[in-house]
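Engineer: Input structure: final-v6.pdb, which contains PDB, C-alpha atoms, pLDDT in the B column.
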ATOM      1  CA  MET A   1      -5.747  15.650  28.725  1.00 80.00           C
ATOM      2  CA  ARG A   2      -4.900  11.948  28.972  1.00 85.00           C
ATOM      3  CA  VAL A   3      -7.207   8.941  28.659  1.00 81.00           C
ATOM      4  CA  SER A   4      -6.106   7.794  32.101  1.00 83.00           C
ATOM      5  CA  GLU A   5      -7.531  11.032  33.517  1.00 87.00           C
ATOM      6  CA  ILE A   6     -11.048  10.178  32.317  1.00 88.00           C
ATOM      7  CA  SER A   7     -12.235   7.174  34.284  1.00 88.00           C
ATOM      8  CA  GLU A   8     -15.187   6.481  31.991  1.00 92.00           C
ATOM      9  CA  ILE A   9     -12.901   6.057  29.004  1.00 91.00           C
ATOM     10  CA  SER A  10     -10.304   4.086  30.935  1.00 87.00           C
ATOM     11  CA  GLN A  11     -12.940   1.542  31.879  1.00 91.00           C
ATOM     12  CA  LEU A  12     -14.070   0.862  28.311  1.00 93.00           C
ATOM     13  CA  SER A  13     -13.129  -2.354  26.558  1.00 94.00           C
ATOM     14  CA  ILE A  14     -10.857  -2.141  23.516  1.00 95.00           C
ATOM     15  CA  PRO A  15     -13.780  -2.480  21.050  1.00 96.00           C
ATOM     16  CA  GLU A  16     -15.666   0.238  22.954  1.00 96.00           C
ATOM     17  CA  LYS A  17     -12.604   2.490  22.851  1.00 94.00           C
ATOM     18  CA  ILE A  18     -12.334   1.991  19.102  1.00 96.00           C
ATOM     19  CA  LEU A  19     -15.984   2.968  18.656  1.00 96.00           C
ATOM     20  CA  PHE A  20     -15.399   5.976  20.885  1.00 94.00           C
ATOM     21  CA  ILE A  21     -12.434   7.051  18.764  1.00 94.00           C
ATOM     22  CA  GLU A  22     -14.504   6.684  15.592  1.00 95.00           C
ATOM     23  CA  ASP A  23     -17.234   8.858  17.064  1.00 94.00           C
ATOM     24  CA  LEU A  24     -14.694  11.399  18.277  1.00 91.00           C
ATOM     25  CA  TRP A  25     -13.041  11.548  14.845  1.00 90.00           C
ATOM     26  CA  ASP A  26     -16.431  11.950  13.148  1.00 90.00           C
ATOM     27  CA  SER A  27     -17.181  14.907  15.419  1.00 88.00           C
ATOM     28  CA  ILE A  28     -13.873  16.536  14.425  1.00 86.00           C
ATOM     29  CA  VAL A  29     -14.488  16.022  10.711  1.00 83.00           C
ATOM     30  CA  LEU A  30     -17.846  17.756  10.979  1.00 84.00           C
ATOM     31  CA  ASP A  31     -15.991  20.959  11.789  1.00 81.00           C
ATOM     32  CA  GLU A  32     -12.804  20.438   9.786  1.00 75.00           C
ATOM     33  CA  SER A  33     -12.512  24.139   8.978  1.00 80.00           C
ATOM     34  CA  LYS A  34     -11.182  24.635  12.517  1.00 82.00           C
ATOM     35  CA  VAL A  35      -8.375  22.116  11.979  1.00 81.00           C
ATOM     36  CA  SER A  36      -5.371  23.869  10.511  1.00 86.00           C
ATOM     37  CA  VAL A  37      -3.076  22.160   8.047  1.00 89.00           C
ATOM     38  CA  PRO A  38       0.603  23.029   8.488  1.00 93.00           C
ATOM     39  CA  GLN A  39       2.169  24.901   5.582  1.00 95.00           C
ATOM     40  CA  SER A  40       4.769  22.154   5.194  1.00 97.00           C
ATOM     41  CA  HIS A  41       1.978  19.632   4.551  1.00 96.00           C
ATOM     42  CA  MET A  42       0.400  21.864   1.929  1.00 95.00           C
ATOM     43  CA  GLU A  43       3.783  22.289   0.230  1.00 97.00           C
ATOM     44  CA  GLU A  44       4.321  18.521   0.203  1.00 97.00           C
ATOM     45  CA  LEU A  45       0.880  17.951  -1.309  1.00 96.00           C
ATOM     46  CA  ASP A  46       1.603  20.561  -3.975  1.00 97.00           C
ATOM     47  CA  ARG A  47       4.970  18.911  -4.718  1.00 95.00           C
ATOM     48  CA  ARG A  48       3.388  15.469  -5.067  1.00 92.00           C
ATOM     49  CA  LEU A  49       0.559  16.746  -7.276  1.00 94.00           C
ATOM     50  CA  LYS A  50       3.053  18.527  -9.528  1.00 95.00           C
ATOM     51  CA  SER A  51       5.149  15.356  -9.724  1.00 91.00           C
ATOM     52  CA  TYR A  52       2.090  13.302 -10.651  1.00 90.00           C
ATOM     53  CA  LYS A  53       0.964  15.780 -13.305  1.00 93.00           C
ATOM     54  CA  THR A  54       4.475  15.859 -14.788  1.00 92.00           C
ATOM     55  CA  ALA A  55       4.753  12.058 -15.022  1.00 90.00           C
ATOM     56  CA  PRO A  56       1.461  10.302 -14.192  1.00 86.00           C
ATOM     57  CA  GLY A  57       2.844   6.941 -15.315  1.00 85.00           C
ATOM     58  CA  ASN A  58       5.489   6.906 -12.568  1.00 83.00           C
ATOM     59  CA  LEU A  59       3.167   5.527  -9.914  1.00 85.00           C
ATOM     60  CA  LEU A  60       4.170   2.439  -7.941  1.00 88.00           C
ATOM     61  CA  SER A  61       2.215  -0.771  -8.072  1.00 91.00           C
ATOM     62  CA  LEU A  62       0.952  -2.105  -4.766  1.00 94.00           C
ATOM     63  CA  GLU A  63       3.548  -4.874  -4.924  1.00 95.00           C
ATOM     64  CA  GLU A  64       6.394  -2.405  -5.489  1.00 93.00           C
ATOM     65  CA  LEU A  65       5.186  -0.220  -2.644  1.00 94.00           C
ATOM     66  CA  GLN A  66       4.993  -3.211  -0.277  1.00 95.00           C
ATOM     67  CA  PHE A  67       8.479  -4.327  -1.360  1.00 95.00           C
ATOM     68  CA  ARG A  68       9.937  -0.881  -0.644  1.00 94.00           C
ATOM     69  CA  ILE A  69       8.241  -0.708   2.747  1.00 94.00           C
ATOM     70  CA  GLU A  70       9.562  -4.135   3.734  1.00 95.00           C
ATOM     71  CA  ARG A  71      13.039  -3.348   2.417  1.00 94.00           C
ATOM     72  CA  ASN A  72      13.251  -0.189   4.552  1.00 92.00           C
ATOM     73  CA  LYS A  73      12.196  -1.774   7.840  1.00 87.00           C
TER      74      LYS A  73
END
Kindly return the structure encoded in the file as structure tokens.
Structural biologist:
Amino acid sequence: MRVSEISEISQLSIPEKILFIEDLWDSIVLDESKVSVPQSHMEELDRRLKSYKTAPGNLLSLEELQFRIERNK
């Protein structure tokens, strides 16, 4: 289904669409047990948690993170 197929949504202003999206997301979160998480995501979370527990002091500062993001653009 596409937004353009639902005339009521297509006619909303940008702020109204944002509110609609927030409400839609909230309705999904209420029943999050029906949203599956891919195995690859679970493995990545496990890898990151293990890395943190092994060396908790290796976290980046906000400034370092921003620098790396900008450098890789």
Engineer: Just to confirm, what's the straight-line distance from CA of Lys17 (chain A) to CA of Pro38 (chain A) in Å (one decimal)?
Structural biologist: 28.3 Å
Engineer: List the neighbours of Phe20 (chain A) out to 12 Å using all atoms listed in the file; skip same-chain residues closer than 6 positions along the sequence, and give me the result as an NGL selection string.
Structural biologist: :A and (3 or 8-10 or 12-14 or 26-27)
Engineer: Could you jot down the CA of Arg68 (chain A) to CA of Pro56 (chain A) separation for me, Å, one decimal place?
Structural biologist: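 Between CA of Arg68 (chain A) and CA of Pro56 (chain A) the gap works out to 19.5 Å.
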Engineer: Take CA of Val37 (chain A) and CA of Ile69 (chain A) and report the distance between them in Å, one decimal.
Structural biologist: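 Result for CA of Val37 (chain A) versus CA of Ile69 (chain A): 26.1 Å, one decimal.
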Engineer: Specify the axis-aligned box that encloses all atoms of region 35-43 of chain A listed in the file after padding of 6 Å on each side, stating its centre and edge lengths in Å to one decimal as JSON.
Structural biologist:
{"center_x": -1.8, "center_y": 22.3, "center_z": 6.1, "size_x": 25.1, "size_y": 17.3, "size_z": 23.7}
